[in-house]
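Novice: Contents of run_20.tsv (TSV, C-alpha atoms and all ligand atoms):
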chain	number	residue	atom	x	y	z
A	1	MET	CA	-18.29	-4.12	-3.39
A	2	ALA	CA	-14.73	-4.53	-2.22
A	3	THR	CA	-13.56	-2.86	0.94
A	4	ILE	CA	-10.07	-1.72	1.83
A	5	GLU	CA	-8.93	-1.07	5.36
A	6	PHE	CA	-5.44	-0.03	6.32
A	7	THR	CA	-3.98	0.20	9.81
A	8	PHE	CA	-0.97	2.14	11.01
A	9	LEU	CA	1.16	-0.28	13.04
A	10	GLY	CA	3.73	2.42	13.65
A	11	THR	CA	3.97	6.10	12.73
A	12	GLY	CA	7.39	6.89	14.18
A	13	THR	CA	10.95	6.89	12.86
A	14	ALA	CA	14.22	5.11	13.73
A	15	VAL	CA	13.88	5.51	17.51
A	16	PRO	CA	10.40	4.59	18.77
A	17	THR	CA	8.52	6.53	21.42
A	18	LEU	CA	5.71	5.46	23.72
A	19	ARG	CA	3.22	6.89	21.23
A	20	ARG	CA	4.86	6.06	17.94
A	21	ASN	CA	6.12	2.60	17.07
A	22	HIS	CA	8.50	1.82	14.19
A	23	PRO	CA	7.08	2.15	10.64
A	24	GLY	CA	4.55	-0.29	9.26
A	25	VAL	CA	1.13	-0.30	7.61
A	26	HIS	CA	-1.18	-3.28	7.28
A	27	LEU	CA	-3.63	-3.30	4.37
A	28	LEU	CA	-6.59	-5.62	3.99
A	29	HIS	CA	-8.44	-5.79	0.69
A	30	GLN	CA	-11.63	-7.78	0.98
A	31	SER	CA	-13.28	-8.80	-2.25
A	32	LYS	CA	-13.84	-12.22	-3.83
A	33	ASN	CA	-10.54	-13.11	-2.16
A	34	ALA	CA	-8.97	-11.47	0.88
A	35	HIS	CA	-5.57	-9.83	0.42
A	36	SER	CA	-3.67	-9.13	3.62
A	37	MET	CA	-0.30	-7.38	3.34
A	38	LEU	CA	2.26	-5.22	5.09
A	39	PHE	CA	4.07	-2.16	3.86
A	40	ASP	CA	7.24	-2.15	5.98
A	41	CYS	CA	7.51	-4.19	9.13
A	42	GLY	CA	9.26	-2.28	11.89
A	43	GLU	CA	10.20	-3.76	15.25
A	44	GLY	CA	7.16	-4.68	17.34
A	45	ALA	CA	4.92	-5.07	14.29
A	46	GLN	CA	3.50	-8.38	15.52
A	47	ILE	CA	2.43	-6.89	18.86
A	48	GLN	CA	0.84	-3.96	17.04
A	49	LEU	CA	-1.00	-6.42	14.78
A	50	GLN	CA	-2.42	-8.12	17.86
A	51	LYS	CA	-3.47	-4.79	19.37
A	52	ALA	CA	-5.19	-3.98	16.08
A	53	LYS	CA	-6.91	-7.39	16.13
A	54	ILE	CA	-5.36	-8.43	12.82
A	55	ASN	CA	-4.61	-12.11	12.31
A	56	PHE	CA	-0.88	-12.18	11.48
A	57	MET	CA	-1.27	-15.58	9.80
A	58	SER	CA	-3.40	-13.96	7.11
A	59	ILE	CA	-0.48	-11.88	5.79
A	60	ASP	CA	0.77	-13.17	2.44
A	61	ASN	CA	2.88	-10.27	1.20
A	62	ILE	CA	5.42	-8.03	2.91
A	63	PHE	CA	6.58	-5.03	0.90
A	64	ILE	CA	9.72	-3.46	2.37
A	65	SER	CA	10.44	0.11	1.20
A	66	HIS	CA	14.18	-0.04	2.00
A	67	TRP	CA	16.57	-1.98	4.19
A	68	HIS	CA	17.02	0.44	7.08
A	69	ALA	CA	16.56	-1.56	10.27
A	70	ASP	CA	13.58	0.39	11.56
A	71	HIS	CA	11.63	-0.62	8.45
A	72	PHE	CA	12.21	-4.38	8.57
A	73	LEU	CA	13.38	-5.59	12.02
A	74	GLY	CA	9.86	-6.69	12.94
A	75	MET	CA	9.93	-9.21	10.10
A	76	PHE	CA	12.08	-11.75	11.98
A	77	GLY	CA	9.76	-12.13	14.96
A	78	LEU	CA	6.70	-12.14	12.75
A	79	LEU	CA	8.10	-14.93	10.55
A	80	MET	CA	9.09	-16.90	13.66
A	81	SER	CA	5.54	-16.65	15.00
A	82	MET	CA	4.16	-17.78	11.64
A	83	GLY	CA	6.48	-20.79	11.89
A	84	PHE	CA	5.33	-21.58	15.45
A	85	GLU	CA	1.75	-21.53	14.19
A	86	LYS	CA	2.77	-24.09	11.52
A	87	ARG	CA	2.26	-21.87	8.52
A	88	GLU	CA	2.37	-23.76	5.25
A	89	LYS	CA	1.33	-21.07	2.79
A	90	GLU	CA	4.07	-19.39	0.77
A	91	LEU	CA	4.97	-15.81	1.65
A	92	LEU	CA	6.25	-13.05	-0.59
A	93	ILE	CA	8.82	-10.56	0.64
A	94	ALA	CA	9.60	-7.71	-1.73
A	95	GLY	CA	12.16	-4.94	-1.40
A	96	PRO	CA	15.02	-3.38	-3.33
A	97	GLU	CA	17.36	-6.30	-4.12
A	98	ALA	CA	15.30	-8.52	-1.81
A	99	ASP	CA	16.36	-11.51	-3.92
A	100	LYS	CA	19.94	-10.97	-2.62
A	101	ILE	CA	19.38	-9.25	0.74
A	102	GLY	CA	16.44	-11.36	1.94
A	103	PRO	CA	18.17	-14.78	1.91
A	104	GLN	CA	21.22	-13.22	3.61
A	105	LEU	CA	19.11	-11.74	6.41
A	106	LEU	CA	17.26	-15.00	7.02
A	107	LYS	CA	20.13	-17.47	6.60
A	108	PHE	CA	20.15	-18.42	10.30
A	109	PHE	CA	16.43	-19.27	10.30
A	110	ASN	CA	14.65	-22.35	9.10
A	111	PHE	CA	10.99	-21.82	8.30
A	112	SER	CA	8.28	-24.37	7.65
A	113	PHE	CA	7.02	-22.35	4.69
A	114	LYS	CA	8.54	-21.13	1.46
A	115	ILE	CA	9.51	-17.49	1.14
A	116	ASN	CA	9.66	-15.94	-2.30
A	117	PHE	CA	11.92	-12.89	-2.48
A	118	VAL	CA	11.16	-10.33	-5.16
A	119	ASP	CA	13.43	-7.45	-6.13
A	120	SER	CA	11.24	-4.33	-6.23
A	121	GLY	CA	14.11	-1.89	-6.85
A	122	LYS	CA	13.01	-0.94	-10.37
A	123	LYS	CA	9.74	0.58	-11.49
A	124	GLY	CA	7.24	-2.18	-12.24
A	125	ILE	CA	4.72	-4.71	-11.05
A	126	VAL	CA	5.83	-6.57	-7.91
A	127	PHE	CA	2.69	-8.61	-7.28
A	128	GLU	CA	-0.39	-9.28	-9.37
A	129	ASP	CA	-3.40	-11.56	-9.38
A	130	GLU	CA	-6.84	-11.41	-11.01
A	131	GLU	CA	-8.08	-8.71	-8.61
A	132	ILE	CA	-5.18	-6.52	-7.52
A	133	MET	CA	-1.66	-5.41	-8.33
A	134	VAL	CA	1.16	-3.79	-6.38
A	135	GLU	CA	3.70	-1.68	-8.23
A	136	SER	CA	6.95	-0.13	-7.08
A	137	MET	CA	8.65	3.14	-7.99
A	138	PRO	CA	12.20	4.09	-6.94
A	139	VAL	CA	12.32	7.10	-4.60
A	140	LYS	CA	15.32	9.01	-3.22
A	141	HIS	CA	16.72	8.21	0.21
A	142	THR	CA	20.22	7.47	1.56
A	143	ILE	CA	20.05	3.88	0.24
A	144	PRO	CA	17.97	2.30	-2.58
A	145	ALA	CA	14.33	2.80	-1.62
A	146	VAL	CA	10.93	2.49	-3.27
A	147	ALA	CA	7.34	3.62	-2.91
A	148	TYR	CA	4.54	1.12	-3.49
A	149	ARG	CA	1.16	1.53	-5.15
A	150	PHE	CA	-1.61	-0.93	-4.38
A	151	LYS	CA	-4.23	-0.95	-7.11
A	152	GLU	CA	-7.50	-2.75	-7.41
A	153	LYS	CA	-8.06	-3.75	-11.02
A	154	ASP	CA	-10.78	-1.85	-12.87
A	155	LYS	CA	-14.04	-3.78	-13.20
A	156	ILE	CA	-16.04	-3.84	-16.40
A	157	LYS	CA	-19.77	-4.05	-15.74
A	158	LEU	CA	-22.43	-4.71	-18.34
A	159	ASP	CA	-25.29	-2.22	-18.46
A	160	LYS	CA	-28.28	-4.30	-17.34
A	161	LYS	CA	-30.83	-2.19	-19.25
A	162	ILE	CA	-29.00	-2.58	-22.56
A	163	ILE	CA	-28.38	-6.29	-21.94
A	164	LYS	CA	-32.10	-6.80	-21.35
A	165	LYS	CA	-32.99	-4.83	-24.47
A	166	LEU	CA	-30.59	-6.90	-26.57
A	167	LYS	CA	-31.91	-10.11	-24.91
A	168	LEU	CA	-28.40	-11.41	-24.24
A	169	THR	CA	-28.13	-14.75	-22.44
A	170	GLY	CA	-25.73	-15.42	-19.55
A	171	GLN	CA	-23.37	-17.27	-21.88
A	172	GLU	CA	-23.47	-14.43	-24.43
A	173	CYS	CA	-22.60	-11.95	-21.65
A	174	ARG	CA	-19.61	-14.06	-20.61
A	175	ASP	CA	-18.46	-14.36	-24.25
A	176	LEU	CA	-18.83	-10.62	-24.71
A	177	LYS	CA	-16.64	-9.93	-21.66
A	178	GLU	CA	-14.00	-12.39	-22.80
A	179	GLN	CA	-13.94	-11.58	-26.51
A	180	SER	CA	-14.86	-7.84	-26.38
A	181	LYS	CA	-17.43	-8.41	-29.14
A	182	ILE	CA	-19.98	-10.99	-30.25
A	183	LYS	CA	-22.43	-11.48	-33.06
A	184	LYS	CA	-26.13	-11.91	-32.31
A	185	ASP	CA	-28.77	-12.13	-35.01
A	186	LYS	CA	-26.14	-11.01	-37.54
A	187	LYS	CA	-25.58	-7.86	-35.48
A	188	LEU	CA	-22.17	-7.00	-34.04
A	189	ILE	CA	-22.28	-6.11	-30.32
A	190	LYS	CA	-19.20	-4.42	-28.92
A	191	LEU	CA	-18.37	-4.61	-25.23
A	192	LYS	CA	-17.51	-0.90	-25.01
A	193	ASP	CA	-20.99	0.03	-26.23
A	194	VAL	CA	-22.84	-1.99	-23.58
A	195	SER	CA	-20.60	-1.62	-20.54
A	196	TYR	CA	-19.14	0.84	-18.09
A	197	THR	CA	-15.95	0.76	-15.99
A	198	ILE	CA	-15.69	0.94	-12.22
A	199	GLU	CA	-12.24	2.24	-11.49
A	200	GLY	CA	-10.26	0.32	-8.86
A	201	LYS	CA	-9.26	1.94	-5.59
A	202	LYS	CA	-5.63	2.97	-5.17
A	203	PHE	CA	-3.31	3.33	-2.21
A	204	VAL	CA	0.28	4.60	-2.18
A	205	TYR	CA	2.92	4.13	0.52
A	206	SER	CA	5.93	6.42	0.06
A	207	GLY	CA	8.50	4.82	2.37
A	208	ASP	CA	11.39	7.19	3.22
A	209	THR	CA	12.16	9.80	0.60
A	210	ILE	CA	12.85	13.42	-0.21
A	211	TYR	CA	10.09	15.25	-2.09
A	212	LEU	CA	9.84	13.86	-5.61
A	213	LYS	CA	7.77	15.50	-8.33
A	214	LYS	CA	7.21	12.16	-10.07
A	215	MET	CA	5.25	11.05	-7.02
A	216	GLU	CA	2.47	13.42	-8.16
A	217	ASN	CA	1.64	11.13	-11.03
A	218	PHE	CA	2.21	7.95	-9.02
A	219	CYS	CA	-0.28	9.01	-6.33
A	220	LYS	CA	-2.91	10.51	-8.65
A	221	ASP	CA	-6.42	9.86	-7.25
A	222	CYS	CA	-4.88	7.67	-4.53
A	223	ILE	CA	-5.03	7.52	-0.80
A	224	LEU	CA	-1.44	8.54	-0.06
A	225	VAL	CA	0.49	7.55	3.05
A	226	HIS	CA	3.60	9.72	2.92
A	227	GLU	CA	6.51	10.10	5.25
A	228	CYS	CA	6.72	13.45	7.04
A	229	THR	CA	9.77	13.19	9.26
A	230	TYR	CA	9.85	16.96	9.78
A	231	PHE	CA	7.11	19.52	10.15
A	232	ASP	CA	9.42	22.49	9.67
A	233	ARG	CA	11.61	23.03	6.65
A	234	GLU	CA	14.53	24.36	8.73
A	235	ASP	CA	14.84	20.98	10.48
A	236	ILE	CA	15.34	19.05	7.30
A	237	LYS	CA	18.90	20.31	6.54
A	238	HIS	CA	20.58	17.72	4.31
A	239	LYS	CA	18.56	14.75	5.49
A	240	GLN	CA	17.00	12.59	2.78
A	241	HIS	CA	13.48	12.93	4.15
A	242	SER	CA	10.37	15.05	3.59
A	243	CYS	CA	8.81	17.87	5.54
A	244	LEU	CA	5.20	19.02	5.74
A	245	GLN	CA	5.60	21.72	3.05
A	246	ASP	CA	6.89	19.02	0.67
A	247	VAL	CA	4.06	16.57	1.26
A	248	LEU	CA	1.38	19.27	0.96
A	249	LYS	CA	2.34	19.57	-2.71
A	250	PHE	CA	0.55	16.27	-3.35
A	251	ARG	CA	-2.80	17.67	-2.20
A	252	LYS	CA	-3.85	18.32	-5.79
A	253	SER	CA	-3.12	14.83	-7.08
A	254	ALA	CA	-3.88	12.56	-4.12
A	255	GLU	CA	-7.41	12.13	-2.82
A	256	LYS	CA	-6.34	12.09	0.81
A	257	ILE	CA	-2.95	12.28	2.50
A	258	TYR	CA	-1.96	10.58	5.76
A	259	LEU	CA	1.30	11.80	7.28
A	260	THR	CA	3.44	9.16	8.97
A	261	HIS	CA	7.11	8.49	9.89
A	262	ILE	CA	6.94	11.48	12.23
A	263	GLY	CA	10.13	12.58	14.00
A	264	ARG	CA	10.30	11.90	17.74
A	265	LYS	CA	10.83	15.57	18.59
A	266	TYR	CA	7.15	16.21	17.84
A	267	LEU	CA	5.52	15.21	21.08
A	268	SER	CA	2.04	16.63	20.72
A	269	GLN	CA	-0.39	15.10	18.25
A	270	THR	CA	-2.75	18.04	18.87
A	271	GLU	CA	-0.08	20.55	17.84
A	272	LEU	CA	0.59	18.64	14.61
A	273	GLU	CA	-3.12	18.36	13.86
A	274	LYS	CA	-3.43	22.14	14.27
A	275	LYS	CA	-0.81	22.60	11.53
A	276	VAL	CA	-2.87	20.66	8.96
A	277	LYS	CA	-6.36	21.60	10.13
A	278	LYS	CA	-6.95	24.00	7.25
A	279	TYR	CA	-6.25	21.29	4.65
A	280	LYS	CA	-9.37	19.19	4.37
A	281	ASN	CA	-7.71	16.11	2.89
A	282	VAL	CA	-4.58	15.95	5.08
A	283	PHE	CA	-4.38	13.92	8.30
A	284	VAL	CA	-1.68	13.19	10.87
A	285	ALA	CA	-1.63	9.42	11.45
A	286	LYS	CA	-1.57	7.88	14.91
A	287	ASP	CA	-0.47	4.36	15.85
A	288	LEU	CA	-3.31	1.84	15.42
A	289	ASN	CA	-5.44	4.28	13.38
A	290	LYS	CA	-7.65	2.33	10.99
A	291	VAL	CA	-8.87	3.85	7.75
A	292	LYS	CA	-11.54	2.33	5.49
A	293	PHE	CA	-12.03	3.44	1.92
A	301	ZN	ZN	12.81	5.47	8.30
So, in terms of structure tokens, how does the structure I just supplied come out?

Specialist:
Amino acid sequence: MATIEFTFLGTGTAVPTLRRNHPGVHLLHQSKNAHSMLFDCGEGAQIQLQKAKINFMSIDNIFISHWHADHFLGMFGLLMSMGFEKREKELLIAGPEADKIGPQLLKFFNFSFKINFVDSGKKGIVFEDEEIMVESMPVKHTIPAVAYRFKEKDKIKLDKKIIKKLKLTGQECRDLKEQSKIKKDKKLIKLKDVSYTIEGKKFVYSGDTIYLKKMENFCKDCILVHECTYFDREDIKHKQHSCLQDVLKFRKSAEKIYLTHIGRKYLSQTELEKKVKKYKNVFVAKDLNKVKF
């Protein structure tokens, strides 16, 4: 059974505080292969990774939500460290127009490894392999910005009792999975009749955005990490961010919600936790919090 663990490297906003570092979430998916990735990479991310006991060399994908400095400044130091450690593996950096912006940002650096820049500005798949996929969806902020959805692919399992009853061999089982149907003793056996589906786990990272209704569908049955710059609606004014009342609207669609990107005026974690205490599936993230699901 695959496990997913994500770690908040920073839960603050543009100006860090002693308690809240710049934005960044590390996610580790451990299955047949290990997938280690970052969603945003604020300043100080590599120190936070060390505090969280995460091997920074394991990271193969960096998904940037938008190109505001607090969301990507940590990338430079992290890439430098990877170079010092003689990284050879390729690295993917995705973000809105990352194919244009990425090479510009890194033009003064020379790395020992290849970096593949992927534009994630439009809705679609940004990364995919046999086990997982990461999709992007444009959100609304002051500059082009996206949310990301990590999804484990659904697994089709054969029902052992039925397989035994039908006396299917290992090879016949493999054929059935590949071809969706096989013939045995002149009888047609369909995959859907002898199997069940284990739905993959899902995780959504909102990046910076105002409340968007379309996020409801995007984060359906997901663990949602959503920005919550403000806890009071009156503070939001014309800023392109979300407040607590906005994010609470996703309680019906998301499985659990973790609030992050918390404005520096909110000094007390306890006070914020009091505000969400009555909502069973809503949590206020803290730096270096680890969540397994
Ligand atoms: Zn921000």

Novice: Taking all atoms listed in the file into account, which residues have an atom no farther than 9 Å from ligand ZN 301 (chain A)? I'd like them as a PyMOL selection string.

Specialist: chain A and resi 12-14+22-23+66+68-71+207-209+227+229+241+261

Novice: Enumerate, as a ChimeraX atom specification, the protein, DNA and RNA residues whose atoms approach (-18.2, -0.7, 7.8) to within 12 Å, taking into account only C-alpha atoms and the coordinate frame of the file.

Specialist: /A:1-5,30,290-293

Novice: Which residues are near Tyr196 of chain A? Cut-off 7 Å, all atoms listed in the file, ignore same chain within fewer than 3 positions. Put them as a PyMOL selection string.

Specialist: chain A and resi 156-159

Novice: Report, in Å with one decimal, the straight-line distance from atom CA of Val126 of chain A to atom CA of Trp67 of chain A.

Specialist: 16.8 Å

Novice: Could you check the closest approach to Lys177 of chain A for each of A:Arg87, A:Tyr258, A:Ser195, A:Lys201 and tell me which residue wins, using only C-alpha atoms?

Specialist: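 Of all the options, A:Ser195 lies closest to Lys177 of chain A.
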
Novice: Between A:Lys181, A:Lys187, A:Lys140, A:Lys202, which residue has the minimum interatomic distance to Gln240 of chain A, considering all atoms listed in the file?

Specialist: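 Checking each candidate against Gln240 of chain A, we get A:Lys140 as the closest.
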
Novice: Between A:His141, A:Lys278, A:Lys167, A:Lys192, which has the minimum distance to Ile210 of chain A (counting only C-alpha atoms)?

Specialist: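 Smallest distance to Ile210 of chain A is found for A:His141.
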
Novice: Got a sec to check which residues sit within 12 Å of (-21.6, -9.1, -26.2), counting only C-alpha atoms, and write them as a count of residues only?

Specialist: 35

Novice: So the first atom is atom CA of Phe111 of chain A and the second is atom CA of His35 of chain A; what is the distance between them in Å, to one decimal place?

Specialist: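 Those two atoms sit 21.9 Å apart.
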
Novice: Considering only C-alpha atoms, state which residue in the set A:Leu105, A:Val15, A:Ile59, A:Ile132 is at the smallest distance from Lys89 of chain A.

Specialist: A:Ile59

Novice: Restricting the calculation to all atoms listed in the file: of A:Met57, A:Arg149, A:Lys274, A:Lys286, which residue gets closest to Met80 of chain A?

Specialist: A:Met57

Novice: Could you tell me how far atom CA of Gly200 of chain A sits from atom CA of Asp119 of chain A, in Å to one decimal place?

Specialist: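 Rounded to one decimal, the two atoms are 25.1 Å apart.
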
Novice: Here is a test: counting all atoms listed in the file, which residue of A:Ala285, A:Ala145, A:Leu9, A:Leu28 is nearest to Ile64 of chain A?

Specialist: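 Checking each of A:Ala285, A:Ala145, A:Leu9, A:Leu28 against Ile64 of chain A, counting all atoms listed in the file, the winner is A:Ala145.
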
Novice: Could you write segment 76-88 of chain A as a PDB file, in the coordinates of the input, with N, CA, C and O atoms rebuilt where they are missing?

Specialist:
ATOM      1  N   PHE A  76      11.512 -10.504  11.427  1.00  0.00           N
ATOM      2  CA  PHE A  76      12.080 -11.750  11.980  1.00  0.00           C
ATOM      3  C   PHE A  76      11.109 -12.397  12.978  1.00  0.00           C
ATOM      4  O   PHE A  76      10.796 -13.576  12.875  1.00  0.00           O
ATOM      5  N   GLY A  77      10.669 -11.603  13.941  1.00  0.00           N
ATOM      6  CA  GLY A  77       9.760 -12.130  14.960  1.00  0.00           C
ATOM      7  C   GLY A  77       8.444 -12.574  14.357  1.00  0.00           C
ATOM      8  O   GLY A  77       7.879 -13.608  14.741  1.00  0.00           O
ATOM      9  N   LEU A  78       7.970 -11.805  13.396  1.00  0.00           N
ATOM     10  CA  LEU A  78       6.700 -12.140  12.750  1.00  0.00           C
ATOM     11  C   LEU A  78       6.806 -13.485  12.012  1.00  0.00           C
ATOM     12  O   LEU A  78       5.939 -14.360  12.139  1.00  0.00           O
ATOM     13  N   LEU A  79       7.906 -13.676  11.290  1.00  0.00           N
ATOM     14  CA  LEU A  79       8.100 -14.930  10.550  1.00  0.00           C
ATOM     15  C   LEU A  79       8.249 -16.109  11.524  1.00  0.00           C
ATOM     16  O   LEU A  79       7.739 -17.205  11.281  1.00  0.00           O
ATOM     17  N   MET A  80       8.948 -15.848  12.629  1.00  0.00           N
ATOM     18  CA  MET A  80       9.090 -16.900  13.660  1.00  0.00           C
ATOM     19  C   MET A  80       7.718 -17.325  14.176  1.00  0.00           C
ATOM     20  O   MET A  80       7.436 -18.510  14.297  1.00  0.00           O
ATOM     21  N   SER A  81       6.885 -16.333  14.487  1.00  0.00           N
ATOM     22  CA  SER A  81       5.540 -16.650  15.000  1.00  0.00           C
ATOM     23  C   SER A  81       4.739 -17.425  13.970  1.00  0.00           C
ATOM     24  O   SER A  81       4.003 -18.348  14.312  1.00  0.00           O
ATOM     25  N   MET A  82       4.867 -17.048  12.706  1.00  0.00           N
ATOM     26  CA  MET A  82       4.160 -17.780  11.640  1.00  0.00           C
ATOM     27  C   MET A  82       4.618 -19.234  11.626  1.00  0.00           C
ATOM     28  O   MET A  82       3.822 -20.149  11.443  1.00  0.00           O
ATOM     29  N   GLY A  83       5.921 -19.435  11.833  1.00  0.00           N
ATOM     30  CA  GLY A  83       6.480 -20.790  11.890  1.00  0.00           C
ATOM     31  C   GLY A  83       5.917 -21.570  13.068  1.00  0.00           C
ATOM     32  O   GLY A  83       5.518 -22.722  12.920  1.00  0.00           O
ATOM     33  N   PHE A  84       5.882 -20.917  14.236  1.00  0.00           N
ATOM     34  CA  PHE A  84       5.330 -21.580  15.450  1.00  0.00           C
ATOM     35  C   PHE A  84       3.885 -22.000  15.231  1.00  0.00           C
ATOM     36  O   PHE A  84       3.431 -22.988  15.767  1.00  0.00           O
ATOM     37  N   GLU A  85       3.157 -21.219  14.467  1.00  0.00           N
ATOM     38  CA  GLU A  85       1.750 -21.530  14.190  1.00  0.00           C
ATOM     39  C   GLU A  85       1.607 -22.503  13.012  1.00  0.00           C
ATOM     40  O   GLU A  85       0.538 -22.663  12.445  1.00  0.00           O
ATOM     41  N   LYS A  86       2.730 -23.071  12.593  1.00  0.00           N
ATOM     42  CA  LYS A  86       2.770 -24.090  11.520  1.00  0.00           C
ATOM     43  C   LYS A  86       2.228 -23.572  10.184  1.00  0.00           C
ATOM     44  O   LYS A  86       1.422 -24.226   9.525  1.00  0.00           O
ATOM     45  N   ARG A  87       2.655 -22.412   9.806  1.00  0.00           N
ATOM     46  CA  ARG A  87       2.260 -21.870   8.520  1.00  0.00           C
ATOM     47  C   ARG A  87       2.781 -22.783   7.406  1.00  0.00           C
ATOM     48  O   ARG A  87       3.922 -23.262   7.469  1.00  0.00           O
ATOM     49  N   GLU A  88       1.951 -22.976   6.412  1.00  0.00           N
ATOM     50  CA  GLU A  88       2.370 -23.760   5.250  1.00  0.00           C
ATOM     51  C   GLU A  88       2.347 -22.925   3.973  1.00  0.00           C
ATOM     52  O   GLU A  88       3.083 -23.180   3.031  1.00  0.00           O
TER      53      GLU A  88
END
